[in-house]
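Single-structure report; data block below.
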Amino acid sequence: MSIRSQLKLRPRADQRPAAPVAAKMVARGVRVSYGAKPALKGIDLDIQENRVLALIGPSGCGKSTFLRCLNRMNDTIEGCRVEGRITLDGEDVYGRTIDPVQLRARVGMVFQKPNPFPKSIYDNVAYGPRIHGLASGRDELDEVVQTSLKRAGLWAEVRERLREPGTSLSGGQQQRLCIARAIAVSPEVILMDEPCSALDPIATAHIEELIDELRANYTIVIVTHNMQQAARVSQRTAFFHLGEMVECDDTEEIFTNPRDERTQGYITGRYG
Amino acid sequence: MTDLIERETAAVPPAPVRAAGPRSHYKGEAFARRLRARHAAERRFRRAGAAAVAVAALMLVLLIGSIAARGASAFWETRIRLEVALDPAEVASGNYTAPLRRALHAQFPQVTDRAGRRVLNDLLSSGAPYELEAMVARDPAMVGTVRTVWVRADDEIDQLAKGHYRRDLPEGERGLSDAKVAAADALAAAGALAQGFNTTLFTAGDSREPEQAGMGGAIVGSLLTLLVTMLLSVPVGIAAAVYLEEFAPKNRWTGLIEVNINNLAAVPSIIFGLLGLAVFLGFFGLPRSAPLVGGLVMALMTLPVIIIAARAALRAVPPSIRDAALAIGASPLQTVLHHVLPLALPGILTGTIIGMARALGETAPLLMIGMVAFIVDIPHGLTDSATVLPVQIYMWADSPERAFTERTSAAILVLLGFLVLLNGVAVILRRIFERRW
Ligand SMILES: Nc1ncnc2c1ncn2[C@@H]1O[C@H](COP(=O)(O)OP(=O)(O)OP(=O)(O)O)[C@@H](O)[C@H]1O
Ligand SMILES: [Mg+2]
C-alpha cells in the first residue's frame, strides 16, 4: 500500500516539483532556547513566495517556536533567546532596519486557539486597518472589513450581526474571524499555527479552500498535525523532530518518497 | 529504526480492567458506603458554610443596628418657641441675648430670683442669639415687632426631650437638675418644645457645645483629602502597575520593587503619618492639619494597594489577547491601551475604590500631621486647617457630654453611608465597563 493512496493525495499540477521559486523568507542556523532549554537547534529553511509551506512533526518538536520566530512573537516571551538569521525579502528580521511592529504587520499570524478581541465582530477586523491607517474614512473601512470577512468565508454568517461581540461566535467562526482579522491588514506572509485544530470537517474544508485561494496573493506557513491536511493544502512540507528540521521538500516528495526514516515513521503514523 | 521509534513503540502493558456489569466495583456495597460518606461530608461542609454566612450577617446587623439605634436621634434637634420682642436699640448694639431671655422669662412669670432665672437661661443654646441675629439679617423688618421664633435648645434639654435622661433617678445621679427638668416639662406642656430635622449636624463645623456641633467641616475635609489622594494615587498607581506588568523586564530589580510594594501595603498606617510629619511638614514645610498633606500621606498609603490590585487585574487578562494585538502589528503601548487596560479596568476600579474606602476611614496617619485639631471653620481650600470624618468621630467619642454620644453614632452612620456610596459607585462602574465587552 503506497503512502499516496493512504493519504488520498490529490495530484495537482502545481504540486509537481517546479522551477525554483523566489524565497520570501529565509532562515539560516536558527537556534532558540527558553532559558537554558534549547527548543530549536539550528534550522535552515526557505519559505517560498506564494506557496504554502506545511510544518509537521510530533508535539513539542518546536514548530510553533519556529513560527513565532518568523514574526518575532518570541520577543514577548521572557527568557526566550533567538540566534541565527532570518530574512524577509533579504532584510534581516532581527536587524536594526526592521521594526517588530512593522514586521508583524507584514507577517501576520493566526493562532492555534481562536483569540478574537472581546469587541464587536466589525471592530475585530477593523482594528488592524485602523491602527495602520489602511483605510481613510468609514466607507473604505467598511469595504476592507467586508472583503476580509468575505475572503475568510464568514461574511454570509455575520453580515447581520457585525455589532455583536466576536466572542459570541462559535469556535470555527471565531477562527475564521481571526483569519479575516489577519488578512485585513494585507500582510505579505501569513503564519497559521494549527488553525483547524478546533474545527469540524466542514469548517476545516472551508479554511483549506481559503488557504488555497490566499496563496495567490500571500505566502503561507501552516503548522498542522493532520497529514491529510498538509498533503492537501501545501506545496512544500518540512518535518521537524526534537528541535531539528529533518527534511524539507515538495509535499508530494515528502509523502511519497521521504528520504529520512524518521519522516517515514511519522507520516505513516508509527509514532508522534 | 532510530532508538526514539523503539521507545515510542514499546507499549506499556495495558492496566487490568475490572469487569463491568453486575460485579463492577462501582456497584458494590463498599463503594456505596464510600459514596454516602462523600455526600455526607459535602452536606456538612455546606451547612458549616451557611452557618458562617449567617453568623457574619448577624454580627453585621447587630453592629449597624446598635449604631443606628444610638445615632438615629441625633438627626433631630429640640427647639424652643419664644415670642421675641426685638428692641431696635438692642439690635443696634448687637445684643440678641436680652430679647431671647426676656421672652423666656415671660413664659415663667413665677420665677423671679436670680438662681431660677439662670436655670431658665441655661435652657437655651448658647448659639441661640446667633440664630436670632441670622434671622434678623434675613428679615430686617423683624426689628421693633414681636415675632414667634423657634430657637435651638441647650443639649441637656435636647437629651431630656429625647428621653436620654432617666427621670426616676435622684437629681445627683441623673446629672440634670430637677429645676431644669421641671422647666423643660412646663415648656413641653405649653407646646413650646418641638423637634425638627438637625441640619446643623451636616452644615456646621465642630463646636464645644454639642447642639451647635456639626460634621460639615469634617465632611468637606474628608472630600478634599480624598480628592488629593485620588488625583495622586490613581494615575500614579495605574501607570506603575502597567509599567511593571507590561513593560518592565523581569529581573532582580523589578523583583525587589515588587517585594517592596507588597511590604509597603502591609506597613501600619501610622508609619505613613510619621513619614508625612517628617517629610511634608518637617522638610517641605507644608501647613499642619491641611487636607493637602493628609491627601499626600493617604496617597502614599493607598498607592501599594492600587498597584497590587491593578497588577492582579492586568495579569488576569488572557495573554492570547496581547498576542492577538501584537500579531497584527499593534505597538506594545497600543496593545495595552486598546485591549489590556480596558479588560483590566473593572478590576483596577474595584481595587482603587477599596483603597479609597480605606483612605476615607483612616485616622492614625492624620493624627500625626495635626488633622486631629479642634477646627470650627469649614475648610475652603487644600491648605486650610481641616479634620476628617473618622477623626471627628474619634474626637466626639472622647467628649464627655451625653449629646456627643448620639452624634458620634450619627457620624459613624454618615461615614458608613459614604463608604456604601463609594462601593455603589464601584459596582456601577464595573457594570458600565463590563457591558462594553
Ligand atoms: N514559553 C515557553 N517557555 C518555555 N518553554 C517553552 C515555551 N514554549 C515552548 N517551550 C518548549 O519548547 C519546545 C517546543 O515547543 P513548541 O511549542 O514549539 O512545540 P510544537 O512543535 O509547536 O508542539 P505542538 O505540536 O504540541 O504545538 C517544547 O519542548 C516546549 O516545552
Ligand atoms: Mg504548537
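We name chains A, B, ... following the order of the C-alpha cells; residues begin at 1 in each chain, and ligands are numbered from 1 as shown.
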Original post:
Any idea what's packed within 9 Å of Glu253 in chain A, counting only C-alpha atoms, ignoring anything in its chain fewer than 2 positions away? Could you give it as a PyMOL selection string?
Top reply: chain A and resi 16-17+236-237+249-251+255-259
Export all heavy atoms of the chosen residues as a JSON list (two decimals), in the first residue's frame?
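Now in selection_25.json:
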```json
[["chain", "number", "residue", "atom", "x", "y", "z"],
["A", 16, "ARG", "N", 3.69, 19.36, -8.48],
["A", 16, "ARG", "CA", 4.86, 18.69, -9.04],
["A", 16, "ARG", "C", 6.09, 19.54, -8.76],
["A", 16, "ARG", "O", 5.98, 20.76, -8.70],
["A", 16, "ARG", "CB", 4.69, 18.54, -10.57],
["A", 16, "ARG", "CG", 3.47, 17.76, -10.95],
["A", 16, "ARG", "CD", 3.81, 16.28, -11.15],
["A", 16, "ARG", "NE", 2.65, 15.43, -10.93],
["A", 16, "ARG", "CZ", 1.59, 15.36, -11.76],
["A", 16, "ARG", "NH1", 1.55, 16.10, -12.85],
["A", 16, "ARG", "NH2", 0.61, 14.56, -11.49],
["A", 17, "PRO", "N", 7.21, 18.91, -8.61],
["A", 17, "PRO", "CA", 8.43, 19.69, -8.43],
["A", 17, "PRO", "C", 8.53, 20.71, -9.55],
["A", 17, "PRO", "O", 8.52, 20.37, -10.73],
["A", 17, "PRO", "CB", 9.55, 18.65, -8.56],
["A", 17, "PRO", "CG", 8.91, 17.35, -8.28],
["A", 17, "PRO", "CD", 7.45, 17.46, -8.57],
["A", 236, "ARG", "N", 4.96, 22.68, -0.21],
["A", 236, "ARG", "CA", 6.18, 22.18, 0.40],
["A", 236, "ARG", "C", 5.89, 21.80, 1.84],
["A", 236, "ARG", "O", 5.02, 22.35, 2.49],
["A", 236, "ARG", "CB", 7.30, 23.23, 0.35],
["A", 236, "ARG", "CG", 7.90, 23.37, -1.04],
["A", 236, "ARG", "CD", 8.99, 24.40, -1.06],
["A", 236, "ARG", "NE", 10.23, 23.96, -0.41],
["A", 236, "ARG", "CZ", 11.13, 23.17, -0.98],
["A", 236, "ARG", "NH1", 10.93, 22.71, -2.20],
["A", 236, "ARG", "NH2", 12.23, 22.84, -0.35],
["A", 237, "THR", "N", 6.64, 20.84, 2.33],
["A", 237, "THR", "CA", 6.44, 20.36, 3.69],
["A", 237, "THR", "C", 7.80, 20.22, 4.36],
["A", 237, "THR", "O", 8.75, 19.76, 3.74],
["A", 237, "THR", "CB", 5.72, 18.99, 3.69],
["A", 237, "THR", "OG1", 4.45, 19.14, 3.07],
["A", 237, "THR", "CG2", 5.54, 18.46, 5.11],
["A", 249, "ASP", "N", 10.92, 19.39, 1.68],
["A", 249, "ASP", "CA", 10.90, 19.11, 0.25],
["A", 249, "ASP", "C", 9.51, 19.41, -0.27],
["A", 249, "ASP", "O", 8.62, 19.79, 0.48],
["A", 249, "ASP", "CB", 11.26, 17.63, 0.03],
["A", 249, "ASP", "CG", 11.95, 17.43, -1.33],
["A", 249, "ASP", "OD1", 11.72, 18.28, -2.23],
["A", 249, "ASP", "OD2", 12.68, 16.46, -1.47],
["A", 250, "ASP", "N", 9.32, 19.17, -1.57],
["A", 250, "ASP", "CA", 7.98, 19.30, -2.11],
["A", 250, "ASP", "C", 7.08, 18.32, -1.38],
["A", 250, "ASP", "O", 7.48, 17.19, -1.06],
["A", 250, "ASP", "CB", 7.99, 18.98, -3.61],
["A", 250, "ASP", "CG", 8.66, 20.10, -4.38],
["A", 250, "ASP", "OD1", 8.50, 21.27, -3.96],
["A", 250, "ASP", "OD2", 9.37, 19.81, -5.36],
["A", 251, "THR", "N", 5.86, 18.74, -1.14],
["A", 251, "THR", "CA", 4.94, 17.94, -0.34],
["A", 251, "THR", "C", 4.81, 16.53, -0.88],
["A", 251, "THR", "O", 4.86, 15.54, -0.15],
["A", 251, "THR", "CB", 3.58, 18.64, -0.29],
["A", 251, "THR", "OG1", 3.76, 19.90, 0.33],
["A", 251, "THR", "CG2", 2.57, 17.82, 0.48],
["A", 255, "PHE", "N", 5.68, 12.97, 1.08],
["A", 255, "PHE", "CA", 4.69, 11.96, 1.41],
["A", 255, "PHE", "C", 4.83, 10.69, 0.60],
["A", 255, "PHE", "O", 4.31, 9.66, 0.99],
["A", 255, "PHE", "CB", 3.26, 12.54, 1.24],
["A", 255, "PHE", "CG", 2.87, 13.41, 2.40],
["A", 255, "PHE", "CD1", 2.87, 14.78, 2.29],
["A", 255, "PHE", "CD2", 2.53, 12.83, 3.61],
["A", 255, "PHE", "CE1", 2.54, 15.57, 3.36],
["A", 255, "PHE", "CE2", 2.20, 13.61, 4.69],
["A", 255, "PHE", "CZ", 2.20, 15.00, 4.56],
["A", 256, "THR", "N", 5.49, 10.78, -0.55],
["A", 256, "THR", "CA", 5.61, 9.56, -1.34],
["A", 256, "THR", "C", 7.00, 8.96, -1.22],
["A", 256, "THR", "O", 7.17, 7.75, -1.32],
["A", 256, "THR", "CB", 5.34, 9.86, -2.83],
["A", 256, "THR", "OG1", 6.17, 10.96, -3.22],
["A", 256, "THR", "CG2", 3.89, 10.21, -3.06],
["A", 257, "ASN", "N", 7.97, 9.83, -0.94],
["A", 257, "ASN", "CA", 9.33, 9.35, -1.07],
["A", 257, "ASN", "C", 10.24, 10.01, -0.04],
["A", 257, "ASN", "O", 11.22, 10.65, -0.40],
["A", 257, "ASN", "CB", 9.78, 9.69, -2.51],
["A", 257, "ASN", "CG", 11.06, 8.96, -2.84],
["A", 257, "ASN", "OD1", 11.46, 8.05, -2.10],
["A", 257, "ASN", "ND2", 11.70, 9.35, -3.92],
["A", 258, "PRO", "N", 9.88, 9.88, 1.26],
["A", 258, "PRO", "CA", 10.69, 10.57, 2.26],
["A", 258, "PRO", "C", 12.10, 10.01, 2.31],
["A", 258, "PRO", "O", 12.28, 8.80, 2.18],
["A", 258, "PRO", "CB", 9.93, 10.32, 3.56],
["A", 258, "PRO", "CG", 9.14, 9.10, 3.31],
["A", 258, "PRO", "CD", 8.82, 9.06, 1.86],
["A", 259, "ARG", "N", 13.07, 10.90, 2.47],
["A", 259, "ARG", "CA", 14.45, 10.44, 2.48],
["A", 259, "ARG", "C", 14.86, 9.91, 3.85],
["A", 259, "ARG", "O", 15.62, 8.99, 3.96],
["A", 259, "ARG", "CB", 15.39, 11.58, 2.05],
["A", 259, "ARG", "CG", 15.73, 11.50, 0.57],
["A", 259, "ARG", "CD", 16.45, 12.75, 0.13],
["A", 259, "ARG", "NE", 15.51, 13.86, 0.02],
["A", 259, "ARG", "CZ", 15.82, 15.12, 0.26],
["A", 259, "ARG", "NH1", 17.02, 15.45, 0.65],
["A", 259, "ARG", "NH2", 14.91, 16.07, 0.12]]
```
**OP:** Can you tell me which residues come within 7 Å of ligand 1 when counting only C-alpha atoms and all ligand atoms, ideally as a list in words?
**Re:**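 The distance check yields Tyr34, Ala39, Gly57, Pro58, Ser59, Gly60, Cys61, Gly62, Lys63, Ser64, Thr65, Phe66, Ile77 and His225 of chain A.
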**OP:** Up to 7 Å from chain B, what residues of chain A turn up? Count only C-alpha atoms and give them as a list in words.
**Re:** Val101, Gln102, Arg104, Ala105, Gly108, Met109, Asn115, Phe117, Pro118, Lys119, Gly128, Pro165, Ala182 and Tyr271 of chain A
**OP:** Record the distance separating CA of Arg81 in chain A and CA of Val259 in chain B, expressed in Å with one decimal.
**Re:**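 Going from CA of Arg81 in chain A over to CA of Val259 in chain B covers 26.9 Å.
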**OP:** List every residue of range 16-211 of chain A that DSSP, applied to the backbone, labels as strand (DSSP E or B), and write the result as a PyMOL selection string.
**Re:** chain A and resi 23-34+37-48+52-56+80-88+91-92+107-110+120+165+189-193
**OP:** Would you mind listing what lies within 7 Å of Thr224 in chain A as number ranges by chain, with only C-alpha atoms counted and same-chain residues fewer than 5 positions away left out?
**Re:** A: 54-56, 194, 230
Subject >> Which of range 33-255 of chain A fall in alpha helix (DSSP H), as an MDAnalysis selection string >> reply: chainID A and resid 63:70 100:106 121:132 138:151 155:158 171:184 201:214 227:233 251:255
**OP:** To one decimal in Å, tell me the separation between CA of Phe272 in chain B and CA of Met298 in chain B.
**Re:**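 Taking CA of Phe272 in chain B as the start and CA of Met298 in chain B as the end point, the length is 7.9 Å.
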Original post:
Nearest to Thr145 in chain B among B:Glu171, B:Asp122, B:Glu83, B:Glu362, with distances taken over only C-alpha atoms: which residue is it?
Top reply: B:Glu83
Subject >> Residue nearest Ala198 in chain A among A:Gly166, A:Gly133, A:Pro114, A:Gly153 (counting only C-alpha atoms) >> reply: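 The shortest atom-to-atom distance to Ala198 in chain A comes from A:Pro114.
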**OP:** Find the distance between CA of Leu277 in chain B and CA of Leu366 in chain B and write it in Å to one decimal.
**Re:** 9.4 Å
